[in-house]
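Worksheet for the structure shown next.
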Amino acid sequence: MSTIRLKNIRIFANHGCLTEEEKIGSDYIVNLEVSANLSKAAKTDELGDTVDYVHLQKIVREQMAIRSKLLEQVGQRIIDTILNEIELVDAVSVRVSKINPPIGGDIAEVSVTMSSSR
């Protein structure tokens, strides 16, 4: 089993329970890790035999663009979409972080980490 990681995908989105969060939006960082058998790709050197990280990033961006109140829902949508669209992926872990959340304190970020496998 091998791992592909996408680290610190920066995205602006409008998630949150507050009306202000929907209107103003926030900066987010998404970290993604997928596990797959990449031995065929290692031999063939063909993109079709691996997990295309461009496709992974596209899924993250598309799911982050759909407004949700909770980061948990966003994370689960990312996981579900990857497992549905990329047959080679056996397991997914995603961390969605909201930068400078509006929670009345000096907090750099809040994050939710979720994982799932076939």
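Letters for chains follow the order of the structure tokens (A, B, ...), residue numbers begin at 1 for each chain, and ligand numbers begin at 1 in the order shown.
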
Sel. of alpha helix (DSSP H) residues, chain A, as a PyMOL selection string: chain A and resi 19-24+39-44+53-64+71-85

In chain A, DSSP strand (DSSP E) residues written as a PyMOL selection string: chain A and resi 2-13+26-36+89-99+109-117

Atom pair atom CA of A:Ser97 / atom CA of A:Leu38: separation (Å):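 It comes out at 28.4 Å.
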
Straight-line distance linking atom CA of A:Ile11 with atom CA of A:Val30, stated in Å to one decimal: 7.8 Å

Nearest-residue call for A:Glu109, choices A:Ile29, A:Glu20, A:Arg10, A:Ile59, using only C-alpha atoms: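 The shortest atom-to-atom distance to A:Glu109 comes from A:Ile29.
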
Long-range neighbours of A:Thr3 as a ChimeraX atom specification, 8 Å cut-off, only C-alpha atoms, 5 positions minimum in chain: /A:33-36

Expected file contents, prior selection, N, CA, C and O atoms, as a compact mmCIF listing (two decimals), in the first residue's frame:
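Result saved to result-v3.txt:
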# COMPACT_ATOMS: atom_id res chain seq x y z
N GLU A 33 -4.97 12.75 2.46
CA GLU A 33 -4.10 11.59 2.31
C GLU A 33 -4.94 10.43 1.81
O GLU A 33 -6.00 10.13 2.36
N VAL A 34 -4.48 9.78 0.73
CA VAL A 34 -5.17 8.61 0.21
C VAL A 34 -4.19 7.44 0.14
O VAL A 34 -2.99 7.63 -0.12
N SER A 35 -4.70 6.26 0.39
CA SER A 35 -3.90 5.04 0.29
C SER A 35 -4.39 4.22 -0.89
O SER A 35 -5.61 4.11 -1.11
N ALA A 36 -3.43 3.67 -1.63
CA ALA A 36 -3.77 2.88 -2.81
C ALA A 36 -2.59 1.98 -3.15
O ALA A 36 -1.45 2.25 -2.75

For A:Gln76, the nearest of the candidates A:Lys40, A:Arg95, A:Arg118, A:Lys23, counting only C-alpha atoms: A:Arg95

Selection near A:Thr81, 12 Å with only C-alpha atoms, sequence-local residues under 2 positions removed, as a VMD selection string: chain A and resid 55 to 64 74 to 79 83 to 87 89 92 116

Go ahead and save the residues from that selection, with C-alpha atoms, as a PDB file, in the first residue's frame.
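selection-v4.pdb was written with the following content:
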ATOM      1  CA  HIS A  55      -8.275  14.879  -9.759  1.00  0.00           C
ATOM      2  CA  LEU A  56      -7.987  14.792  -5.958  1.00  0.00           C
ATOM      3  CA  GLN A  57      -7.515  18.549  -5.774  1.00  0.00           C
ATOM      4  CA  LYS A  58     -10.477  19.079  -8.120  1.00  0.00           C
ATOM      5  CA  ILE A  59     -12.698  17.006  -5.823  1.00  0.00           C
ATOM      6  CA  VAL A  60     -11.566  19.002  -2.779  1.00  0.00           C
ATOM      7  CA  ARG A  61     -12.226  22.331  -4.507  1.00  0.00           C
ATOM      8  CA  GLU A  62     -15.659  21.256  -5.775  1.00  0.00           C
ATOM      9  CA  GLN A  63     -16.783  19.985  -2.380  1.00  0.00           C
ATOM     10  CA  MET A  64     -15.411  23.022  -0.539  1.00  0.00           C
ATOM     11  CA  VAL A  74     -17.577  18.946   4.078  1.00  0.00           C
ATOM     12  CA  GLY A  75     -15.012  16.341   5.119  1.00  0.00           C
ATOM     13  CA  GLN A  76     -17.438  13.467   4.606  1.00  0.00           C
ATOM     14  CA  ARG A  77     -18.426  14.735   1.157  1.00  0.00           C
ATOM     15  CA  ILE A  78     -14.759  14.858   0.151  1.00  0.00           C
ATOM     16  CA  ILE A  79     -14.210  11.305   1.392  1.00  0.00           C
ATOM     17  CA  LEU A  83     -14.157   6.724  -2.835  1.00  0.00           C
ATOM     18  CA  ASN A  84     -16.958   6.902  -5.429  1.00  0.00           C
ATOM     19  CA  GLU A  85     -14.897   8.401  -8.247  1.00  0.00           C
ATOM     20  CA  ILE A  86     -11.467   6.792  -7.812  1.00  0.00           C
ATOM     21  CA  GLU A  87     -11.651   3.019  -7.672  1.00  0.00           C
ATOM     22  CA  VAL A  89      -8.221   4.435  -3.581  1.00  0.00           C
ATOM     23  CA  VAL A  92      -8.942   8.435   2.647  1.00  0.00           C
ATOM     24  CA  SER A 116     -12.733   6.158   5.901  1.00  0.00           C
TER      25      SER A 116
END

Selected residue of minimal separation from A:Phe12 among A:Asp90, A:Glu46, A:Asp27, A:Asp106, counting only C-alpha atoms: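 Distance minimum relative to A:Phe12 lands on A:Asp27.
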